[in-house]
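The block underneath contains the structure these notes are about, expressed in structure tokens.
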Amino acid sequence: MQLAKQNFYWWNYWMAGALLILLLIVTPLLTIFFKIFEPPGSSWAHLAETLLFGYFKNTVLILLGVAFSTFLLGVSTAWLVTNYSFPGRKYFEWLLILPLGFPGYIMAYTYVGLLDYTGPIQSFLRNSLDITITGSLLDIMNLPGAIFILSITLFPYVFLLARASFLQQSKTLQEASALLGKGNWHTFFKVALPMARPAIVGGIALASMEVLNDYGTVKYFGVQTFTTGIFRAWFSMGDAATAIYLAAILMIIVFIILYLESLQRGNRRFSQGSGTSKPLVRLTLTGTAKWAVSLFCGLLFLISFFVPFLQIVQWAMLTYAKVVDNNFILLVVRSFGLAAGTGVIVALFSVVLLYSLRLSPFKWLKNITKISTLGYAIPGAVIAVGIMIPLLGFDHWYMDRFTGRNVGLILSGTLMALVFAYLVRFMAVGYNPIDAGFQKIGIHVNEASRLLGRGTCKTLWRVDLPMIKTSVFSGILLVFVDVLKELPLTLILRPFNYQTLATKAFDMATNEMIAESANASLIIILTGIIPIIFLNRLIRRKVF
Amino acid sequence: MTLLELKGITKKYSQADQYAVNDVSFEVEKGEILSLVGESGSGKTTLLRLIAGLEHPDAGYISLKGHKVVEGKKSVPANKRNVGMVFQDYALFPHLTLLENVMFGLKGKIPDPDKVAKETLSLVGLSENFKKYPHQLSGGQQQRVALARAIAPSPAILLMDEPFSNLDSVLKDQVREEIRQIIKKTGVTAIFVTHDTRDALSTADRIAILHKGYLQQIDTPRNLYEYPVNGYVANFFGKRNEILAVSTDDGFYSSFGFLPDERSKLFSDQVRLSFRPENATVGKDETQPMSGKLVKSTYFGDHQLLKIMDEEGRYINIRSNAGHIYEKESVVFFTIDKFNVEDA
């Protein structure tokens with residue numbers, strides 16, 4: 001046996017790579033944090049007096065409204081679909097996830113178009129029933145309207161997580177409750193619901209993050225929230241310090257939600273041994289109940305996906321000849337390239353981070369690495385501010401130091417800045433499935449390979465990666481879709497005149513070209529649906 | 001020749017409040033099979049992982065074939081130690097065939113990996129279906145592949161984590177013997193971890209007993225069983241009875257009766273007699289020196305265990321053949337054939 005030279009046991013290149021990646025991702029977050037301690041911008045005092053309360057009130061009202069309605073819609077449908085058998089049940093299981101493919105801003109202007117004077121509903125009323133309504137059928141361009149739009153696009157988060165939890169709950173527990181003489185309602189409220197609570201609250205927390213991230217919907221509806229406030233301070237007033245103050249307040253709201261979410265989980269164990277669960281036997285509904293449940297799920301699907309989707313398809317068919325030209329195709333290719341590239345980088349970074357965790361004997365590294373996934377909870381507008389400031393700082397420093405002349409901006413306002421921002425925001429999206437993949441294969445296969453004389457790189461390449469390739473692929477796919485529909489980050493950080501499908505759709509819609517915007521919207525929605533179906537399969541196979 | 005030496009090995013996990021392994025030192029001879037035995041949490045698996053290089057000790061050193069592989073903050077990484085390991089869950093690579101699994105540690109190291117892999121597989125009793133994937137094999141076959149994969153690169157030492165725990169009791173006896181044969185045939189030095197004393201007693205050349213991270217005793221199975229150094233080790237191999245007695249000139253006098261024995265001259269006053277249930281023999285009549293009242297008999301098929309009480313209410317357990325039916329509350333006469341004496 002040849003003994004190799006002795007090394008420090010914990011040091012390896014993986015560790016160095018992981019620390020570098022962490023540093024990169026944490027920079028924008030730390031920037032915001034440290035900038036809070038600097039004096040406020042010129043417009044802050046005025047803003048605090050006039051607009052701040054409105055921002056706060058609107059943001060909180062939308063949050064509460066969406067939380068409440070996603071809870072009602074998500075939990076009720078999840079419970080029905082997992083525990084009862086009724087016409088169409090099998091289809092609703094995945095149909096009710098589809099609204100996730102609809103970005104809020106697209107849903108918003110689609111509904112405005114639907115209810116408009118020239119929209120199909122009013123046209124139908126006018127032409128067939130001879131009922132004429134002046135103005136919009138129903139004015140949704142206000143706060144309740146924003147709650148409605150965000151609720152019907154975000155309730156699938158609660159539906160998905162609640163359903164996964166209900167599926168995991170062993171039937172024996174519910175049977176035990178039934179044998180103890182408790183009815184279905186009692187079982188639901190006293191057994192199933194409390195056990196699913198962490199999942200449900202997790203779903204609502206996810207929806208809340210999306211609400212705080214939303215810019216398109218509230219902007220389009222003219223509801224002023226923190227997100228629109230940040231945009232206004234940054235773009236209209238050019239006051240970065242005020243934008244940071246607003247971003248910081250928004251961050252506090254985010255952390256309160258995250259804290260409440262972790263608080264309610266506490267130390268209680270809600271999971272059960274996996275071996276004990278029996279396949280679910282669904283209760284078959286009869287008579288009126290059967291059709292009422294079908295109608296409820298069907299109506300929800302119509303409102304949250306099918307009707308707006310049809311409308312977009314119709315618009316796209318009307319306008320595609322005018323809109324789809326070489327430039328549009330170029331736009332599609334560019335957007336896809338950007339999204340795919342970001343997906344691959346996120347997956348690469350996630351693998352490096354997670355693999356170094358796998359090899360490291362230090363448990364604290366795990367906690368630090370979690371910081372890299374915080375970006376998903378942080379609204380895009382906040383991340384954008386956190387990235388612009390260090391990049392602008394670097395550019396100015398570089399100009400002063402090396403040229404003394406104005407050579408233009410090197411990093412800020414480039415595609416690199418945008419990809420960096422996507423990376424910070426969507427790290428968790430790619431990281432979590434890859435983490436789950438690593439967890440699932442366990443550490444022993446990796447150790448076995450190393451004991452058979454293979455180094456860490458070769459082991460990753462020959463053993464770990466082939467075993468988690470589905471997870472890596474789903475990570476890339478999820479990031480791809482999220483990047484494709486991302487709006488606020490892209491609006492702030494894109495290079496001058498650079499368009500993606502999302503910004504193009506939003507620009508057209510805000511410029512009274514809703515029908516024309518449908519072409520870009522349709523592509524975003526259709527690509528968004530692919531991973532939803534794919535994800536649903538994974539959940540059914542209990543990969544997550 | 002000493003192949004493996006551990007000296008003062010200590011390990012504490014950062015979250016734990018107790019040491020997983022505390023100041024453990026022992027040596028393993030070349031070609032020996034050593035069993036690490038202990039309850040869960042005794043540190044036996046940690047010790048195995050420290051030897052493999054998968055964990056780093058806080059103190060102490062390990063040397064393999066006379067070379068230090070870990071000392072202080074420095075260590076030879078696991079992939080350079082030439083240590084073979086069979087994991088409890090086998091850790092076979094699911095995306096590789098049976099043959100590819102065994103060839104994994106051979107490729108690029110020896111000229112003919114394919115041939116060696118096939119030879120090793122037939123040594124463990126798998127001479128066909130090389131193209132199958134792990135999930136297509138039974139649990140027992142998977143274990144053989146894992147063993148073949150570990151021994152194929154001719155490791156300096158073979159480590160096995162609970163190799164028999166996933167087998168049912170009928171298979172176990174057979175597999176134990178087979179694995180012992182394979183190990184002895186290849187001449188590899190082996191250390192295996194188990195919580196089952198029967199595995200250890202029947203398979204190992206020597207046994208090390210761990211308790212709460214401390215090494216209690218390391219010796220041959222026979223010596224451990226017959227001369228345990230402390231109560232923990234003695235009790236670990238099954239029930240042990242203790243009787244308080246007074247030594248006289250020609251024997252020991254206890255509440256169960258008088259037991260003639262020459263060793264009594266070596267002791268004065270109070271002594272403690274200890275013996276295993278099978279070291280006592282039940283007799284038919286009053287010619288036996290000791291007696292007690294039967295409280296309960298438990299039937300085990302090949303034997304029965306009698307719980308016997310003295311007049312002060314203290315119990316002992318003794319083993320009897322299965323055939324005889326004892327009446328409850330009847331008086332049982334017995335003698336103790338082999339027992340340890342110590343000052344009380």
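Ordering of the structure tokens sets the chain letters (A, B, ...), residue numbers begin anew at 1 in every chain, and ligands are numbered from 1 in the order given.
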Open item on the list: Using only C-alpha atoms and a cut-off of 8 Å, which residues of chain B sit close to chain A? Please list them as number ranges by chain.
Closed with: B: 14, 52, 54-56, 67, 69-70, 73-85, 87, 91-95, 104-105, 150, 153, 156
Kindly export the residues of the current selection with C-alpha atoms, as a PDB file, in the first residue's frame.
```
ATOM      1  CA  SER B  14     -20.375  18.796  17.503  1.00  0.00           C
ATOM      2  CA  ALA B  52     -12.120   4.151   7.061  1.00  0.00           C
ATOM      3  CA  LEU B  54     -14.880   8.969   6.747  1.00  0.00           C
ATOM      4  CA  GLU B  55     -14.654  10.768  10.090  1.00  0.00           C
ATOM      5  CA  HIS B  56     -11.755  12.584  11.679  1.00  0.00           C
ATOM      6  CA  HIS B  67       2.055   3.983   8.439  1.00  0.00           C
ATOM      7  CA  VAL B  69      -3.034   7.414   8.408  1.00  0.00           C
ATOM      8  CA  VAL B  70      -4.383   9.992  10.818  1.00  0.00           C
ATOM      9  CA  LYS B  73      -5.271  17.586  12.127  1.00  0.00           C
ATOM     10  CA  LYS B  74      -3.755  15.609   9.290  1.00  0.00           C
ATOM     11  CA  SER B  75      -5.043  12.537   7.611  1.00  0.00           C
ATOM     12  CA  VAL B  76      -4.856  10.336   4.571  1.00  0.00           C
ATOM     13  CA  PRO B  77      -8.159  10.809   2.730  1.00  0.00           C
ATOM     14  CA  ALA B  78     -10.519   7.856   2.516  1.00  0.00           C
ATOM     15  CA  ASN B  79      -9.854   7.252  -1.167  1.00  0.00           C
ATOM     16  CA  LYS B  80      -6.131   6.772  -0.521  1.00  0.00           C
ATOM     17  CA  ARG B  81      -6.380   4.412   2.451  1.00  0.00           C
ATOM     18  CA  ASN B  82      -6.993   1.188   0.601  1.00  0.00           C
ATOM     19  CA  VAL B  83      -9.754   0.210   2.985  1.00  0.00           C
ATOM     20  CA  GLY B  84     -12.721  -1.883   1.857  1.00  0.00           C
ATOM     21  CA  MET B  85     -16.133  -1.351   3.376  1.00  0.00           C
ATOM     22  CA  PHE B  87     -22.201  -0.711   4.325  1.00  0.00           C
ATOM     23  CA  ALA B  91     -24.674   1.241  -0.903  1.00  0.00           C
ATOM     24  CA  LEU B  92     -24.508  -0.466  -4.279  1.00  0.00           C
ATOM     25  CA  PHE B  93     -24.508   1.923  -7.220  1.00  0.00           C
ATOM     26  CA  PRO B  94     -28.016   1.517  -8.640  1.00  0.00           C
ATOM     27  CA  HIS B  95     -27.094   2.869 -12.067  1.00  0.00           C
ATOM     28  CA  PHE B 104     -15.646   0.223  -9.928  1.00  0.00           C
ATOM     29  CA  GLY B 105     -12.634   0.042  -7.631  1.00  0.00           C
ATOM     30  CA  ALA B 150     -15.177  -4.311  -1.230  1.00  0.00           C
ATOM     31  CA  PRO B 153      -9.312  -4.334  -4.962  1.00  0.00           C
ATOM     32  CA  ALA B 156      -5.509  -3.765   3.461  1.00  0.00           C
TER      33      ALA B 156
END
```
Please report as a Markdown table every residue of stretch 18-120 of chain A lying within 7 Å of stretch 239-249 of chain A, along with the nearest atom pair and their distance in Å (one decimal), using only C-alpha atoms.
```
| residue | atom | partner | partner_atom | distance |
| --- | --- | --- | --- | --- |
| A:Ile32 | CA | A:Ile244 | CA | 6.4 |
| A:Ile36 | CA | A:Tyr245 | CA | 6.3 |
| A:Pro40 | CA | A:Ala241 | CA | 5.6 |
| A:Gly41 | CA | A:Ala241 | CA | 4.7 |
| A:Ser43 | CA | A:Thr242 | CA | 6.8 |
| A:Trp44 | CA | A:Thr242 | CA | 5.5 |
```
I need the residues from that last selection saved to file as a PDB file, in the first residue's frame (with N, CA and C atoms), if you can.
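Result went into out22.pdb, see below:
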```pdb
ATOM      1  N   ILE A  32     -28.117  45.758   1.054  1.00  0.00           N
ATOM      2  CA  ILE A  32     -29.343  46.351   1.572  1.00  0.00           C
ATOM      3  C   ILE A  32     -29.212  46.575   3.071  1.00  0.00           C
ATOM      4  N   ILE A  36     -29.083  50.474   5.142  1.00  0.00           N
ATOM      5  CA  ILE A  36     -30.133  50.989   6.023  1.00  0.00           C
ATOM      6  C   ILE A  36     -29.555  51.996   7.008  1.00  0.00           C
ATOM      7  N   PRO A  40     -31.228  58.791   5.103  1.00  0.00           N
ATOM      8  CA  PRO A  40     -32.242  58.586   4.070  1.00  0.00           C
ATOM      9  C   PRO A  40     -32.075  59.553   2.900  1.00  0.00           C
ATOM     10  N   GLY A  41     -32.707  59.210   1.795  1.00  0.00           N
ATOM     11  CA  GLY A  41     -32.617  60.048   0.603  1.00  0.00           C
ATOM     12  C   GLY A  41     -33.454  61.306   0.727  1.00  0.00           C
ATOM     13  N   SER A  43     -36.035  62.383  -0.856  1.00  0.00           N
ATOM     14  CA  SER A  43     -37.489  62.339  -0.937  1.00  0.00           C
ATOM     15  C   SER A  43     -38.126  61.513   0.191  1.00  0.00           C
ATOM     16  N   TRP A  44     -37.289  60.973   1.045  1.00  0.00           N
ATOM     17  CA  TRP A  44     -37.810  60.068   2.069  1.00  0.00           C
ATOM     18  C   TRP A  44     -38.807  60.750   3.002  1.00  0.00           C
TER      19      TRP A  44
END
```
Open item on the list: Could you list, as an MDAnalysis selection string, every residue within 8 Å of stretch 326-337 of chain A, counting only C-alpha atoms and ignoring same-chain residues fewer than 4 positions away?
Closed with: chainID A and resid 341 480 484 499:501
Task: Pick from B:Val86, B:Leu98, B:Tyr225, B:Asn241, whichever lies nearest to B:Phe164 using only C-alpha atoms - done: B:Val86
Task: Atom-to-atom span, atom CA of A:Phe33 and atom CA of A:Ala16, Å - done: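 If I compute the distance from atom CA of A:Phe33 to atom CA of A:Ala16, I get 24.9 Å.
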TODO: List every residue of stretch 103-311 of chain B that DSSP, applied to the backbone of this structure, assigns to alpha helix (DSSP H), and report them as an MDAnalysis selection string.
DONE: chainID B and resid 103 113:123 139:151 169:186 197:203 221:226 231:236
Restricted to C-alpha atoms, what would the selected residues look like written as a PDB file, in the first residue's frame?
```pdb
ATOM      1  CA  MET B 103     -15.182  -3.294 -11.317  1.00  0.00           C
ATOM      2  CA  PRO B 113     -10.387  -5.535 -14.036  1.00  0.00           C
ATOM      3  CA  ASP B 114     -13.048  -7.527 -15.823  1.00  0.00           C
ATOM      4  CA  LYS B 115     -11.421 -10.867 -15.040  1.00  0.00           C
ATOM      5  CA  VAL B 116     -10.703 -10.052 -11.384  1.00  0.00           C
ATOM      6  CA  ALA B 117     -14.250  -8.791 -10.892  1.00  0.00           C
ATOM      7  CA  LYS B 118     -15.723 -11.993 -12.294  1.00  0.00           C
ATOM      8  CA  GLU B 119     -13.404 -14.123 -10.160  1.00  0.00           C
ATOM      9  CA  THR B 120     -14.372 -12.223  -7.042  1.00  0.00           C
ATOM     10  CA  LEU B 121     -18.055 -12.543  -7.860  1.00  0.00           C
ATOM     11  CA  SER B 122     -17.756 -16.280  -8.229  1.00  0.00           C
ATOM     12  CA  LEU B 123     -15.819 -16.409  -4.955  1.00  0.00           C
ATOM     13  CA  GLY B 139     -31.171  -8.771  -0.345  1.00  0.00           C
ATOM     14  CA  GLY B 140     -28.774 -11.652   0.218  1.00  0.00           C
ATOM     15  CA  GLN B 141     -27.381 -11.380  -3.302  1.00  0.00           C
ATOM     16  CA  GLN B 142     -26.956  -7.625  -2.925  1.00  0.00           C
ATOM     17  CA  GLN B 143     -24.890  -8.244   0.153  1.00  0.00           C
ATOM     18  CA  ARG B 144     -22.632 -10.644  -1.738  1.00  0.00           C
ATOM     19  CA  VAL B 145     -22.108  -8.040  -4.454  1.00  0.00           C
ATOM     20  CA  ALA B 146     -21.260  -5.452  -1.814  1.00  0.00           C
ATOM     21  CA  LEU B 147     -18.769  -7.871  -0.282  1.00  0.00           C
ATOM     22  CA  ALA B 148     -17.262  -8.674  -3.684  1.00  0.00           C
ATOM     23  CA  ARG B 149     -16.974  -4.981  -4.512  1.00  0.00           C
ATOM     24  CA  ALA B 150     -15.177  -4.311  -1.230  1.00  0.00           C
ATOM     25  CA  ILE B 151     -12.681  -7.192  -1.439  1.00  0.00           C
ATOM     26  CA  SER B 169     -32.622 -15.558  11.405  1.00  0.00           C
ATOM     27  CA  VAL B 170     -32.777 -18.689   9.250  1.00  0.00           C
ATOM     28  CA  LEU B 171     -30.462 -17.246   6.616  1.00  0.00           C
ATOM     29  CA  LYS B 172     -28.234 -15.639   9.192  1.00  0.00           C
ATOM     30  CA  ASP B 173     -26.505 -18.782  10.471  1.00  0.00           C
ATOM     31  CA  GLN B 174     -25.704 -19.842   6.935  1.00  0.00           C
ATOM     32  CA  VAL B 175     -24.483 -16.413   5.797  1.00  0.00           C
ATOM     33  CA  ARG B 176     -22.334 -15.947   8.891  1.00  0.00           C
ATOM     34  CA  GLU B 177     -20.442 -19.117   8.126  1.00  0.00           C
ATOM     35  CA  GLU B 178     -20.159 -18.298   4.409  1.00  0.00           C
ATOM     36  CA  ILE B 179     -18.791 -14.848   5.027  1.00  0.00           C
ATOM     37  CA  ARG B 180     -16.296 -16.185   7.531  1.00  0.00           C
ATOM     38  CA  GLN B 181     -15.144 -18.737   4.943  1.00  0.00           C
ATOM     39  CA  ILE B 182     -14.784 -16.091   2.228  1.00  0.00           C
ATOM     40  CA  ILE B 183     -12.830 -13.782   4.482  1.00  0.00           C
ATOM     41  CA  LYS B 184     -10.525 -16.565   5.625  1.00  0.00           C
ATOM     42  CA  LYS B 185     -10.047 -17.757   2.042  1.00  0.00           C
ATOM     43  CA  THR B 186      -8.919 -14.317   0.884  1.00  0.00           C
ATOM     44  CA  THR B 197     -23.576 -11.112  20.419  1.00  0.00           C
ATOM     45  CA  ARG B 198     -24.348 -14.341  18.598  1.00  0.00           C
ATOM     46  CA  ASP B 199     -22.903 -12.878  15.362  1.00  0.00           C
ATOM     47  CA  ALA B 200     -19.779 -11.850  17.209  1.00  0.00           C
ATOM     48  CA  LEU B 201     -19.277 -15.065  19.169  1.00  0.00           C
ATOM     49  CA  SER B 202     -19.682 -17.311  16.172  1.00  0.00           C
ATOM     50  CA  THR B 203     -17.811 -15.323  13.528  1.00  0.00           C
ATOM     51  CA  PRO B 221     -15.030 -15.053  22.389  1.00  0.00           C
ATOM     52  CA  ARG B 222     -14.356 -17.799  24.931  1.00  0.00           C
ATOM     53  CA  ASN B 223     -12.398 -15.594  27.287  1.00  0.00           C
ATOM     54  CA  LEU B 224     -14.951 -12.802  27.069  1.00  0.00           C
ATOM     55  CA  TYR B 225     -17.778 -15.149  27.836  1.00  0.00           C
ATOM     56  CA  GLU B 226     -16.076 -16.937  30.657  1.00  0.00           C
ATOM     57  CA  GLY B 231     -20.590  -6.620  35.053  1.00  0.00           C
ATOM     58  CA  TYR B 232     -21.421  -4.821  31.818  1.00  0.00           C
ATOM     59  CA  VAL B 233     -19.464  -7.272  29.682  1.00  0.00           C
ATOM     60  CA  ALA B 234     -20.817 -10.248  31.607  1.00  0.00           C
ATOM     61  CA  ASN B 235     -24.414  -9.140  31.238  1.00  0.00           C
ATOM     62  CA  PHE B 236     -23.909  -8.282  27.616  1.00  0.00           C
TER      63      PHE B 236
END
```
Task: 7 Å contact set for B:Gly8, only C-alpha atoms, chain neighbours under 6 positions out, as number ranges by chain - done: B: 23-25, 59-61
Pull C-alpha atoms from the residues just selected and write them as a PDB file, in the first residue's frame.
```pdb
ATOM      1  CA  ASP B  23      -9.738   7.103  24.377  1.00  0.00           C
ATOM      2  CA  VAL B  24      -9.966   3.817  22.524  1.00  0.00           C
ATOM      3  CA  SER B  25      -6.782   1.883  21.841  1.00  0.00           C
ATOM      4  CA  ALA B  59      -7.402  12.986  19.401  1.00  0.00           C
ATOM      5  CA  GLY B  60      -5.238   9.919  18.982  1.00  0.00           C
ATOM      6  CA  TYR B  61      -3.717   8.279  15.983  1.00  0.00           C
TER       7      TYR B  61
END
```
- [ ] Just the strand (DSSP E) stuff from stretch 239-315 of chain B, please, per backbone DSSP, written as a PyMOL selection string.
- [x] chain B and resi 241-247+251-254+257-260+270-275+280-283+290-299+303-309+315
Task: Which of A:Thr342, A:Met15, A:Tyr105, A:Lys182 sits closest to A:Ile149 [using only C-alpha atoms] - done: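 Closest candidate: A:Tyr105.
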Open item on the list: Show me, as a ChimeraX atom specification, the residues that have an atom within 10 Å of B:Phe258 when counting only C-alpha atoms, minus same-chain residues fewer than 3 positions from it.
Closed with: /B:245-248,250-255,261,288-291,335
Mind checking which residues fall within 8 Å of A:Val346, counting only C-alpha atoms, ignoring those fewer than 6 positions away in the same chain, and posting them as an mmCIF file with N, CA and C atoms, in the first residue's frame?
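Once written, around04.cif looks like this:
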```
data_model
loop_
_atom_site.group_PDB
_atom_site.id
_atom_site.type_symbol
_atom_site.label_atom_id
_atom_site.label_comp_id
_atom_site.auth_asym_id
_atom_site.auth_seq_id
_atom_site.Cartn_x
_atom_site.Cartn_y
_atom_site.Cartn_z
ATOM 1 N N LEU A 423 -29.883 34.696 -10.471
ATOM 2 C CA LEU A 423 -29.177 33.700 -9.669
ATOM 3 C C LEU A 423 -29.518 33.855 -8.194
ATOM 4 N N PHE A 426 -33.398 33.051 -7.759
ATOM 5 C CA PHE A 426 -33.920 31.712 -8.042
ATOM 6 C C PHE A 426 -33.005 30.576 -7.595
ATOM 7 N N MET A 427 -32.000 30.910 -6.799
ATOM 8 C CA MET A 427 -31.102 29.866 -6.300
ATOM 9 C C MET A 427 -31.900 28.751 -5.623
ATOM 10 N N GLY A 430 -33.620 26.027 -7.825
ATOM 11 C CA GLY A 430 -32.802 24.935 -8.334
ATOM 12 C C GLY A 430 -32.175 24.118 -7.212
ATOM 13 N N TYR A 431 -31.872 24.824 -6.116
ATOM 14 C CA TYR A 431 -31.159 24.199 -4.996
ATOM 15 C C TYR A 431 -31.998 23.120 -4.319
ATOM 16 N N ILE A 476 -33.134 22.661 -13.140
ATOM 17 C CA ILE A 476 -32.906 23.534 -14.299
ATOM 18 C C ILE A 476 -34.240 23.968 -14.908
ATOM 19 N N VAL A 479 -36.094 26.590 -12.741
ATOM 20 C CA VAL A 479 -35.467 27.909 -12.853
ATOM 21 C C VAL A 479 -35.779 28.511 -14.223
#
```
Env of stretch 267-279 of chain B: 9 Å cut, atoms = only C-alpha atoms, seq-sep filter 6 positions within chain, self excluded. Answer as a compact mmCIF listing (two decimals) with N, CA and C atoms, in the first residue's frame.
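After the write, around.txt holds the following:
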```txt
# COMPACT_ATOMS: atom_id res chain seq x y z
N GLY B 238 -25.86 -12.13 27.77
CA GLY B 238 -27.01 -12.85 28.30
C GLY B 238 -27.11 -12.69 29.81
N LYS B 239 -28.16 -13.29 30.36
CA LYS B 239 -28.47 -13.12 31.78
C LYS B 239 -27.38 -13.71 32.65
N ARG B 240 -27.16 -13.10 33.76
CA ARG B 240 -26.20 -13.62 34.70
C ARG B 240 -26.79 -13.49 36.10
N ASN B 241 -26.66 -14.52 36.88
CA ASN B 241 -27.20 -14.49 38.23
C ASN B 241 -26.13 -14.10 39.23
N GLU B 242 -26.56 -13.41 40.25
CA GLU B 242 -25.63 -13.07 41.33
C GLU B 242 -26.26 -13.50 42.65
N ILE B 243 -25.49 -14.21 43.47
CA ILE B 243 -25.99 -14.62 44.79
C ILE B 243 -24.99 -14.14 45.84
N LEU B 244 -25.51 -13.55 46.89
CA LEU B 244 -24.63 -13.19 48.00
C LEU B 244 -24.44 -14.43 48.86
N ALA B 245 -23.20 -14.66 49.31
CA ALA B 245 -22.94 -15.85 50.10
C ALA B 245 -21.86 -15.55 51.14
N VAL B 246 -21.74 -16.44 52.13
CA VAL B 246 -20.70 -16.31 53.14
C VAL B 246 -19.74 -17.48 52.93
N SER B 247 -18.45 -17.18 52.94
CA SER B 247 -17.51 -18.28 52.70
C SER B 247 -17.18 -18.99 54.02
N THR B 248 -17.16 -20.31 53.96
CA THR B 248 -16.77 -21.12 55.11
C THR B 248 -15.54 -21.90 54.70
N PHE B 252 -19.42 -22.36 50.12
CA PHE B 252 -20.12 -21.08 50.29
C PHE B 252 -21.53 -21.35 50.78
N LEU B 305 -36.57 -21.78 30.89
CA LEU B 305 -35.89 -20.95 31.88
C LEU B 305 -36.74 -20.94 33.14
N LEU B 306 -36.11 -21.34 34.25
CA LEU B 306 -36.85 -21.39 35.52
C LEU B 306 -36.46 -20.20 36.38
N ILE B 316 -33.20 -16.03 41.05
CA ILE B 316 -32.18 -16.38 40.07
C ILE B 316 -32.88 -17.09 38.91
N ASN B 317 -32.21 -17.12 37.76
CA ASN B 317 -32.74 -17.83 36.61
C ASN B 317 -31.82 -18.99 36.30
N ILE B 318 -32.38 -20.17 36.14
CA ILE B 318 -31.54 -21.27 35.69
C ILE B 318 -32.21 -21.99 34.52
N ARG B 319 -31.34 -22.63 33.75
CA ARG B 319 -31.80 -23.24 32.53
C ARG B 319 -32.01 -24.73 32.77
N SER B 320 -33.07 -25.26 32.16
CA SER B 320 -33.34 -26.68 32.34
C SER B 320 -33.75 -27.26 31.01
N THR B 335 -27.72 -27.63 41.31
CA THR B 335 -26.35 -27.35 41.73
C THR B 335 -25.74 -26.39 40.70
N ILE B 336 -24.72 -25.65 41.14
CA ILE B 336 -24.06 -24.71 40.21
C ILE B 336 -22.72 -25.31 39.84
N ASP B 337 -22.54 -25.58 38.54
CA ASP B 337 -21.34 -26.28 38.09
C ASP B 337 -20.15 -25.33 37.98
N LYS B 338 -20.42 -24.12 37.49
CA LYS B 338 -19.31 -23.22 37.21
C LYS B 338 -19.75 -21.82 37.62
N PHE B 339 -18.92 -21.16 38.41
CA PHE B 339 -19.31 -19.81 38.85
C PHE B 339 -18.07 -19.00 39.21
N ASN B 340 -18.23 -17.68 39.19
CA ASN B 340 -17.15 -16.79 39.62
C ASN B 340 -17.40 -16.34 41.05
N VAL B 341 -16.31 -16.12 41.77
CA VAL B 341 -16.43 -15.65 43.15
C VAL B 341 -15.67 -14.33 43.26
N GLU B 342 -16.30 -13.38 43.93
CA GLU B 342 -15.56 -12.14 44.23
C GLU B 342 -16.02 -11.61 45.57
N ASP B 343 -15.16 -10.77 46.16
CA ASP B 343 -15.53 -10.19 47.45
C ASP B 343 -16.73 -9.28 47.30
N ALA B 344 -17.66 -9.37 48.21
CA ALA B 344 -18.86 -8.53 48.10
C ALA B 344 -18.60 -7.20 48.80
```
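Reported to one decimal place, the separation of atom CA of B:Phe334 from atom CA of B:Glu311 is 15.7 Å.
Here atom CA of A:Ser356 is placed at a distance of 9.4 Å from atom CA of A:Leu19.
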